[in-house]
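What follows is one structure encoded as structure tokens, with my remarks underneath.
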Amino acid sequence: MADTLRDASAAPPRLPRVDWVAAAPFVALACLLVFGAFVSPSFLSLGNLANVLTRSAFIAIIGVGATFVIASGGIDLSVGSMAAFVASVMILFMNTELGGGGVGTLALGMLLAAGVGSMCGLLNGLVTTVGRIEPFITTLGTMGIFRALTIWLANGGSIAMKSQDLRTLYRPVYFGSVGGVPLPIALILAITAVGAFVLYKTAFGRHLLAVGSSEDVARYSGIPINRVRTVAYVVQGLCVAVAVMVYVPRLGAATATTGLLWELQAITAVVVGGTALRGGVGRVWGTLCGALLLEIVGNIMVLSSFVSEYLIGAVQGTIIIVAMLVQRSLSNRNRA
Amino acid sequence: MADTLRDASAAPPRLPRVDWVAAAPFVALACLLVFGAFVSPSFLSLGNLANVLTRSAFIAIIGVGATFVIASGGIDLSVGSMAAFVASVMILFMNTELGGGGVGTLALGMLLAAGVGSMCGLLNGLVTTVGRIEPFITTLGTMGIFRALTIWLANGGSIAMKSQDLRTLYRPVYFGSVGGVPLPIALILAITAVGAFVLYKTAFGRHLLAVGSSEDVARYSGIPINRVRTVAYVVQGLCVAVAVMVYVPRLGAATATTGLLWELQAITAVVVGGTALRGGVGRVWGTLCGALLLEIVGNIMVLSSFVSEYLIGAVQGTIIIVAMLVQRSLSNRNRA
Amino acid sequence: QTKTVTVAVSIPAADHGWTGGVVFQAERAKALLEARHPGLKIIVKTSPDGASQANALEDLTTQGIDALVTLPQNSDELTDPLRQVKNKGVFVTVVDRALSDPTIQDLYVAGNNPDVGRVAGEYMKGKLPSGQVVVIRGLPIVIDEERQKGFDAAIAGSGLKVLDKQFGNWSRDDAFKVMQDYLAKFPKIDAVWCQDDDMAVGVLEAIKQAKRSDVQFVVGGAGMKDMVKRVADGDAMIPVDVLYPPAMIATAMELTVANFYDQIPVRGRYIMDATLVTKANAKEFYYPDSPF
Amino acid sequence: MTVGATADAVSIERHNPAPVLEARGLAMQFGPVEVLTDIGLELRSGEVHAVIGENGAGKSTLMKLLSGYLAPTRGAIHLNGATVAFRGPVDAEQRGIVLVHQEILLAPDLTVAQNIFMGRELRHGLVLDDRAMNRLAAGAVERLGAAIDPRQTVARLSIAQRQLVQIARALAGRPRVIVLDEPTASLTPHETEALLNIIGELKRDGVAVLYISHRLPEVAAIADVVTVLRDGKHVATLPGGTLTPLDMAHLMVGRDMARLFPPRATPPEATPLLCVKDLSVPGASSDIAFTLRPGEILGFAGLIGAGRTETFEGLLGLRPAQGRVTLAGRATWFRSVRDSLAAGLVYLSEDRKGKGLLLAKPLAVNLTLAALHRFCRGILVSRTREAKGLEDAIARFDIRARRRTMLAGQLSGGNQQKLLLAKMMLREPRVVVIDEPTRGIDIGTKEQIYRLLAELAAAGKAVVVISSEMGELIGLCHRILVMRAGRIVGELAGEAMTERNIAVLATGADVHTSAVAVGA
Ligand SMILES: Nc1ncnc2c1ncn2[C@@H]1O[C@H](COP(=O)(O)OP(=O)(O)OP(=O)(O)O)[C@@H](O)[C@H]1O
Ligand SMILES: Nc1ncnc2c1ncn2[C@@H]1O[C@H](COP(=O)(O)OP(=O)(O)OP(=O)(O)O)[C@@H](O)[C@H]1O
Ligand SMILES: [Mg+2]
Ligand SMILES: [Mg+2]
């Protein structure tokens, strides 16, 4: 016995001091920061960094939800259009001034947004689980649906908040700050923390990972697979709603271009953050890191003057791939 | 031993007469045709059907490649931008009139396109296999790169075929027909047939499916995983090139929006066709069927006049989801 | 007896502010005209890109139409498809974007894109004998290119220096980002040209947030109602707007229909020049009920 | 025979209480094929009821019926006298019946503890109590005589370790009926002994145990009642004590068993074919050195985690490693498995489901995968040749496939192993490395496989056998190398090849090993 103990404990690869896989995205981020500092002096200015972090709020928050969906073995392509749709509904409601046109209206509007968001998520969830349709197709379909509904609500134009007072009342939610920290940044941290807690510390999170890792095993263990999957999509919907609550006060309007390509950005953030698309693993903090990474790349592109505006896309693509290569090489250390 | 044989003969492989899983997409297609006939009288007119089939060529041909990539366990988001890039290069070359400005130029142009296409595919393949980066990210990156290169080549505008003679010489490739059958349709059938042959009848195809269904097993069986994967992407690149050869004579120009969202359509066609995204299975004919389905939905949208222009996206999304539901319910019969 | 005429209208999908305006105006004109002429049937179809517009053109012609009013996504791509329509004996009206082969169009209603850039440039040149401007372009497509060329030509040789050019994708959000970054990058910016009023919204918000006083004004384009209103109200940040009305589609439809019902000759070219909207004339161009 | 059987069955009835779990006339059909016919079985609490039978006899299927994974096409299951129709495995588990699968069913991305507690996590309020779960998991695994870090993700465990985790999970549920489907197949004597002790404890606690194993001595040692299946039919139910492994073998196979091991050919004094020096595999083993002659069968013994599998995966280019190799006198190094295959070395993985077969693909596809070129006409894969190849393989390796169109995953465990063997033999190798060759293989087939390996050796091929069954190493090999903690700690040959010596070297201490793990 004693010997086997020694024996076996000798063999199993002892977990490395630093878990490089988890650390990789942060290292990549650090590299990018350094790179940015070289590219442009104004990059590291407080103002600029604050702007970038604040802007990354939408993708970061949606990314938390995306991490849940992807960890559960699904995917959601509809988040961008969903954001546009939720925003439109929210604004249209607030324009009715129900709730007294003041804080009341705002509160009700946000509640409504949350409701609509989760309903959209529920729709995605039910079609994929009960209807047993590949999530890719389901959410591609709803992507078209939500987008079309937005354009239809807006008559092809834009839906703007009418009341100026309400706007000024609402603006701080994006532009304001608590104790020097811009509100959206605080919110990102809060949401990510909550997300991490739910995924790692609650039974639901554990079941989610189990479902994503092996559906059969989960089923045999008495985990309600369909419910877990569906809830994941609802969580995604809620995150979209929260992102919208921060988005609307910025420009006070929803247009046909609202949320365009957010789905790709969110998924990219998740994957760059170290969550594999096949499910079973979820790295909430990594996703946050991925979202920042994307936003910063864009920022550097504009700040730097040596790239033709035509080629920006190419450089961005390259940077993302390189960032992944950096990660990969780090992760490999775990093998050793 | 003896009784094993007896057992075998006693139980002849009584697969269900119709393999519903494979048949499902075709049934869905049939339903859609009927639906279309109701929506608009002109739908079933030969001219209209010919148009639809002809224009489905791009997605159908690219879809064949996508089936290979997805069956091998990968995914390629770059096909749309790749098409734009290949088209630009091809047109720019043909504008130089090298090769005598006649058939020679066309031939050279097509050769060049094929070359560029496979190179792009090779790039995707190597980055995913050698660089060991999630195909989703790799091809998202190259998607940006190819698109940007196109814009850069076009100086933000568009690249058009200058010589009218060359255009008129080239037009038949899209508009011409052999024995009543429009050339592109003939081409679709040819490419799909070749694709099916390679995937189902050759050693390479067998290896591809093996890699897609279990990388470990494939590796332990001495299959050159990376090579197989890479070749799959090259095939995809070639298919894109062929699609471009049919596309250019149609509009005679490439722009920043050429091939926009083709990647989504191609993947949708593949999935609607019955190929699962997790790999290991590939249904080439199903993909063709999926491509037709998508094109027909679009066509019906234009022919029908009872949907607000704003809502078209919604209806399309719904139709696709319904089509999948039809399939699903059919496939379940196999369970019985 | 009522003469039956079918007119097809093929325009870009409402994927950003201006095209959204186009679709709205088309639908409105459709309602008006059909009410005026019993027997008139107008089919409005939108397409997200050149290829699908070519598809739409095919499908519309197979339905059998007498006239086509189209705002092509891209002239290079759609010249050949339109030629086919023409060859079917259809009366073709082209709006806004000149075809590479003008013989195709019976009627050309042009909202002169290069002029949008030129007018904006001239105004800035006049307002700022010397200064530093930043430019936010739309999407990398032909119209954008034409507007940019016009602008560059207009300010050539003046004291104006273009600090930077970036694409804002005709989206307020992207324009907001780009402007934020411009403000971080350049300590002094005198003026902004952003090609499109939708993007101007984002630009203004970014400036407001940065509390930067060096930026004297923003010139947009297209005549979005909020912007026209600001001009009318004498907003210092939006002193002018360059008109590029989505309503031009309606004009084209009016004329095309007239060609069939009221025996008046309409063939030819109608250039709607890019009017400079100022506090003085703003009232005329303010349509409160338009979504754009 | 059957008469005697019933008579015995009756005698069992007399001095035993009513059964907890009872099967009456159970039948199971997969598509057109009936794989179980009218099976009756009675299980009493505090009793170990062994079910034995050839590969494909229907044991696992029967167990799946009894634990709610499959629903019978005919027949009834009685629990405490009342008829039950399980709504699924979870339902069965809630009624106190739990099955430990023959194949591994664990979530690879989750940790050991997370798997053990899946679906019944411990928590204070909302929050999961991971500390407690890890502690308990560690305990549960240790009880089985192994030490596995409960925070290790399952994907990183070896097959044997995974098997232990599965058993630990089942025991954690405190079942009233526990069904163990070949639990010891991948275990070494040490863990096997620990497990058998636990089964003893369970008996005392009045738990009823259904036990499937191809290791007949184990069965003889612990079974109170033995039920024998053959080709899906009930052959006999007899009291365990009265049966010797040979009787059982006879009942299972239906013919008299010849001696299990073929006569050992004297090792040829040929020059070494394969020569390995200071081979080391990061994380698993270091400075391994051995030589291998043509016609020789070389055994590798060791405890779980000794690193045998990794060593050879490293040698054959399946995982990073360094070292010096000479093959037939020429120095070489295998950068990838393709090199080693090309050089005529094949490796049959111990993980036949994960690394051996495409479970969702038909038999022929699996068979020809590693040697497809041999079934091609030009670039075309010839279906006719494949079909022919499959027939040959089925004949030569006695693979029990009811239908040629079956998927590999539908084969019984043992038959999957035979298919894998057939697949790799198509490479016509010079050196065969076979990891746990008879894991989950019935005794009749074992004999066939041993004969086959001996034939390979006789045909001048060099054979390496990695096995946790000391009996088969001793019976089969010319020499045995024993590994411990990633190093070769000794070589045994001739008379020195005894269980005792192996155990001593493997554990590094003079421990007593029970006779239980000896191959029949
Ligand atoms: N899902 C299935 N579909 C079709 N046939 C099946 C399926 N599962 C098992 N079989 C067949 O049922 C028979 C019994 O299989 P089973 O796994 O019960 O055998 P076993 O006694 O457990 O053999 P082993 O000792 O090798 O595990 C085999 O012939 C097998 O091919
Ligand atoms: N895929 C893997 N990744 C990382 N470590 C592994 C992996 N497989 C096995 N190990 C570790 O390597 C060590 C040796 O593995 P293994 O137990 O297979 O050795 P072995 O001697 O082959 O034992 P056996 O063959 O009896 O299972 C074990 O401690 C195991 O934890
Ligand atoms: Mg079994
Ligand atoms: Mg091993």
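The way I read the labels, and the way they are meant: chains A, B, ... in the order of the structure tokens, residue 1 as the first residue of every chain, and ligand 1 as the first ligand shown, with later ones counted on from there.
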Quick one: DSSP helix (DSSP H, G or I) residues in range 20-199 of chain C, as number ranges by chain? C: 20-36, 50-62, 75-87, 102-104, 113-127, 142-155, 172-185, 197-199
Expected selection as a PyMOL selection string for ligand 1 within 6 Å, only C-alpha atoms and all ligand atoms: chain D and resi 30+35+54-61+401-402+410-415
What lies within 7 Å of range 301-307 of chain B using only C-alpha atoms, ignoring chain neighbours under 2 positions off, as a list in words? Val39, Ser40, Val297, Gly298, Asn299, Glu309, Leu311 and Ile312 of chain B; Lys45, Ala56 and Asp59 of chain C
Show which residues sit within 6 Å of Arg44 in chain D, as a list in words. Count only C-alpha atoms, and ignore same-chain residues fewer than 3 positions away. Pro19, Val20, Glu47 and Ala208 of chain D
Take the residues from that selection and write them out as a PDB file, in the first residue's frame, keeping C-alpha atoms.
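Below is the file that was written, out_14.pdb:
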```pdb
ATOM      1  CA  PRO D  19     -34.182 -12.462  -3.859  1.00  0.00           C
ATOM      2  CA  VAL D  20     -33.749  -8.656  -3.905  1.00  0.00           C
ATOM      3  CA  GLU D  47     -24.556 -12.583  -1.925  1.00  0.00           C
ATOM      4  CA  ALA D 208     -26.055  -7.755  -3.243  1.00  0.00           C
TER       5      ALA D 208
END
```
At a cut-off of 8 Å around ligand 4, and using only C-alpha atoms and all ligand atoms, what residues come up? Please write them as a ChimeraX atom specification. /D:158-160,304-305,307-310,350,435-436,466-467
Got a sec: who's within 12 Å of Leu180 in chain D, counting only C-alpha atoms, leaving out chain neighbours fewer than 3 positions off, as a ChimeraX atom specification? /D:48-51,59-60,62-64,66-67,97-103,163-164,166-168,170-171,175,177,183-185,195-196,199,208-213
Export of prior selection with N, CA, C and O atoms as a short mmCIF file (atom, residue, chain, number, x, y, z; two decimals), in the first residue's frame:
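Contents of part.cif, freshly written:
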```
data_model
loop_
_atom_site.label_atom_id
_atom_site.label_comp_id
_atom_site.auth_asym_id
_atom_site.auth_seq_id
_atom_site.Cartn_x
_atom_site.Cartn_y
_atom_site.Cartn_z
N VAL D 48 -22.69 -12.69 -3.46
CA VAL D 48 -21.97 -12.31 -4.68
C VAL D 48 -22.38 -13.28 -5.78
O VAL D 48 -22.14 -14.48 -5.68
N HIS D 49 -23.04 -12.76 -6.79
CA HIS D 49 -23.55 -13.59 -7.88
C HIS D 49 -22.73 -13.29 -9.13
O HIS D 49 -22.80 -12.19 -9.68
N ALA D 50 -21.91 -14.23 -9.54
CA ALA D 50 -21.04 -14.01 -10.70
C ALA D 50 -21.76 -14.44 -11.96
O ALA D 50 -22.49 -15.43 -11.97
N VAL D 51 -21.57 -13.64 -13.02
CA VAL D 51 -22.09 -14.01 -14.35
C VAL D 51 -20.90 -14.15 -15.27
O VAL D 51 -20.10 -13.22 -15.41
N LYS D 59 -23.45 -10.73 -21.37
CA LYS D 59 -23.35 -10.35 -19.96
C LYS D 59 -23.64 -8.86 -19.77
O LYS D 59 -24.54 -8.49 -19.02
N SER D 60 -22.89 -8.03 -20.48
CA SER D 60 -23.07 -6.59 -20.29
C SER D 60 -24.49 -6.18 -20.62
O SER D 60 -25.10 -5.39 -19.90
N LEU D 62 -27.19 -7.93 -20.34
CA LEU D 62 -28.04 -8.33 -19.22
C LEU D 62 -27.92 -7.32 -18.08
O LEU D 62 -28.91 -6.87 -17.50
N MET D 63 -26.68 -6.92 -17.79
CA MET D 63 -26.47 -5.99 -16.68
C MET D 63 -27.13 -4.65 -16.98
O MET D 63 -27.71 -4.02 -16.11
N LYS D 64 -27.06 -4.24 -18.24
CA LYS D 64 -27.69 -2.96 -18.61
C LYS D 64 -29.19 -3.06 -18.44
O LYS D 64 -29.84 -2.10 -18.02
N LEU D 66 -30.68 -4.92 -16.20
CA LEU D 66 -30.97 -4.98 -14.77
C LEU D 66 -30.77 -3.62 -14.09
O LEU D 66 -31.25 -3.39 -13.00
N SER D 67 -30.02 -2.72 -14.76
CA SER D 67 -29.75 -1.44 -14.09
C SER D 67 -30.35 -0.27 -14.87
O SER D 67 -29.94 0.87 -14.71
N ILE D 97 -29.92 0.47 -7.23
CA ILE D 97 -29.16 -0.42 -8.12
C ILE D 97 -28.19 0.41 -8.94
O ILE D 97 -28.60 1.35 -9.63
N VAL D 98 -26.88 0.12 -8.86
CA VAL D 98 -25.91 0.91 -9.60
C VAL D 98 -25.00 -0.02 -10.40
O VAL D 98 -24.65 -1.10 -9.96
N LEU D 99 -24.69 0.42 -11.63
CA LEU D 99 -23.86 -0.38 -12.54
C LEU D 99 -22.52 0.30 -12.77
O LEU D 99 -22.46 1.51 -13.01
N VAL D 100 -21.45 -0.45 -12.63
CA VAL D 100 -20.13 0.04 -13.04
C VAL D 100 -19.85 -0.54 -14.42
O VAL D 100 -19.75 -1.74 -14.60
N HIS D 101 -19.78 0.36 -15.41
CA HIS D 101 -19.70 -0.09 -16.80
C HIS D 101 -18.39 -0.79 -17.10
O HIS D 101 -17.37 -0.53 -16.47
N GLN D 102 -18.46 -1.65 -18.09
CA GLN D 102 -17.25 -2.29 -18.58
C GLN D 102 -16.36 -1.24 -19.23
O GLN D 102 -15.16 -1.20 -19.01
N GLU D 103 -16.98 -0.33 -20.02
CA GLU D 103 -16.16 0.73 -20.62
C GLU D 103 -16.29 1.99 -19.76
O GLU D 103 -17.23 2.16 -18.99
N GLN D 163 -10.75 3.42 -14.40
CA GLN D 163 -11.59 2.32 -13.93
C GLN D 163 -11.83 2.45 -12.43
O GLN D 163 -12.95 2.36 -11.95
N LEU D 164 -10.76 2.75 -11.70
CA LEU D 164 -10.89 2.88 -10.25
C LEU D 164 -11.83 4.02 -9.90
O LEU D 164 -12.69 3.88 -9.03
N GLN D 166 -14.27 5.10 -11.56
CA GLN D 166 -15.65 4.66 -11.81
C GLN D 166 -16.19 3.85 -10.64
O GLN D 166 -17.30 4.07 -10.17
N ILE D 167 -15.38 2.92 -10.18
CA ILE D 167 -15.83 2.07 -9.08
C ILE D 167 -16.08 2.94 -7.85
O ILE D 167 -17.12 2.85 -7.19
N ALA D 168 -15.14 3.85 -7.59
CA ALA D 168 -15.30 4.73 -6.44
C ALA D 168 -16.62 5.48 -6.53
O ALA D 168 -17.37 5.58 -5.56
N ALA D 170 -19.37 4.59 -8.02
CA ALA D 170 -20.50 3.70 -7.76
C ALA D 170 -20.64 3.45 -6.26
O ALA D 170 -21.73 3.53 -5.70
N LEU D 171 -19.52 3.21 -5.60
CA LEU D 171 -19.58 2.89 -4.16
C LEU D 171 -20.06 4.09 -3.35
O LEU D 171 -20.75 3.95 -2.35
N PRO D 175 -25.12 1.83 -2.65
CA PRO D 175 -26.19 1.07 -3.30
C PRO D 175 -26.57 -0.18 -2.51
O PRO D 175 -25.82 -0.62 -1.65
N VAL D 177 -27.82 -2.81 -4.44
CA VAL D 177 -27.36 -3.78 -5.44
C VAL D 177 -26.29 -3.11 -6.28
O VAL D 177 -26.53 -2.03 -6.82
N PRO D 183 -14.81 -5.26 -13.50
CA PRO D 183 -14.15 -4.17 -12.80
C PRO D 183 -12.64 -4.34 -12.73
O PRO D 183 -11.90 -3.36 -12.71
N THR D 184 -12.18 -5.58 -12.75
CA THR D 184 -10.75 -5.79 -12.52
C THR D 184 -9.97 -5.93 -13.83
O THR D 184 -8.77 -6.13 -13.82
N ALA D 185 -10.69 -5.81 -14.96
CA ALA D 185 -10.03 -6.09 -16.24
C ALA D 185 -8.73 -5.33 -16.38
O ALA D 185 -7.73 -5.84 -16.87
N LEU D 195 -10.06 -4.36 -4.10
CA LEU D 195 -11.46 -4.37 -4.53
C LEU D 195 -12.18 -5.58 -3.96
O LEU D 195 -13.27 -5.48 -3.40
N LEU D 196 -11.52 -6.75 -4.03
CA LEU D 196 -12.18 -7.96 -3.54
C LEU D 196 -12.44 -7.84 -2.04
O LEU D 196 -13.50 -8.24 -1.56
N ILE D 199 -15.52 -5.85 -1.68
CA ILE D 199 -16.71 -6.66 -1.98
C ILE D 199 -17.08 -7.50 -0.78
O ILE D 199 -18.25 -7.60 -0.40
N ALA D 208 -26.10 -6.69 -2.25
CA ALA D 208 -26.06 -7.76 -3.24
C ALA D 208 -25.12 -7.34 -4.37
O ALA D 208 -25.17 -6.20 -4.83
N VAL D 209 -24.24 -8.24 -4.77
CA VAL D 209 -23.23 -7.91 -5.78
C VAL D 209 -23.39 -8.82 -7.00
O VAL D 209 -23.39 -10.04 -6.87
N LEU D 210 -23.56 -8.18 -8.17
CA LEU D 210 -23.48 -8.92 -9.43
C LEU D 210 -22.09 -8.69 -9.99
O LEU D 210 -21.64 -7.55 -10.10
N TYR D 211 -21.39 -9.77 -10.31
CA TYR D 211 -19.97 -9.64 -10.61
C TYR D 211 -19.66 -10.34 -11.93
O TYR D 211 -19.92 -11.53 -12.09
N ILE D 212 -19.12 -9.56 -12.88
CA ILE D 212 -18.72 -10.14 -14.17
C ILE D 212 -17.21 -10.09 -14.27
O ILE D 212 -16.60 -9.06 -13.96
N SER D 213 -16.62 -11.21 -14.64
CA SER D 213 -15.17 -11.19 -14.86
C SER D 213 -14.77 -12.34 -15.76
O SER D 213 -15.44 -13.37 -15.80
#
```
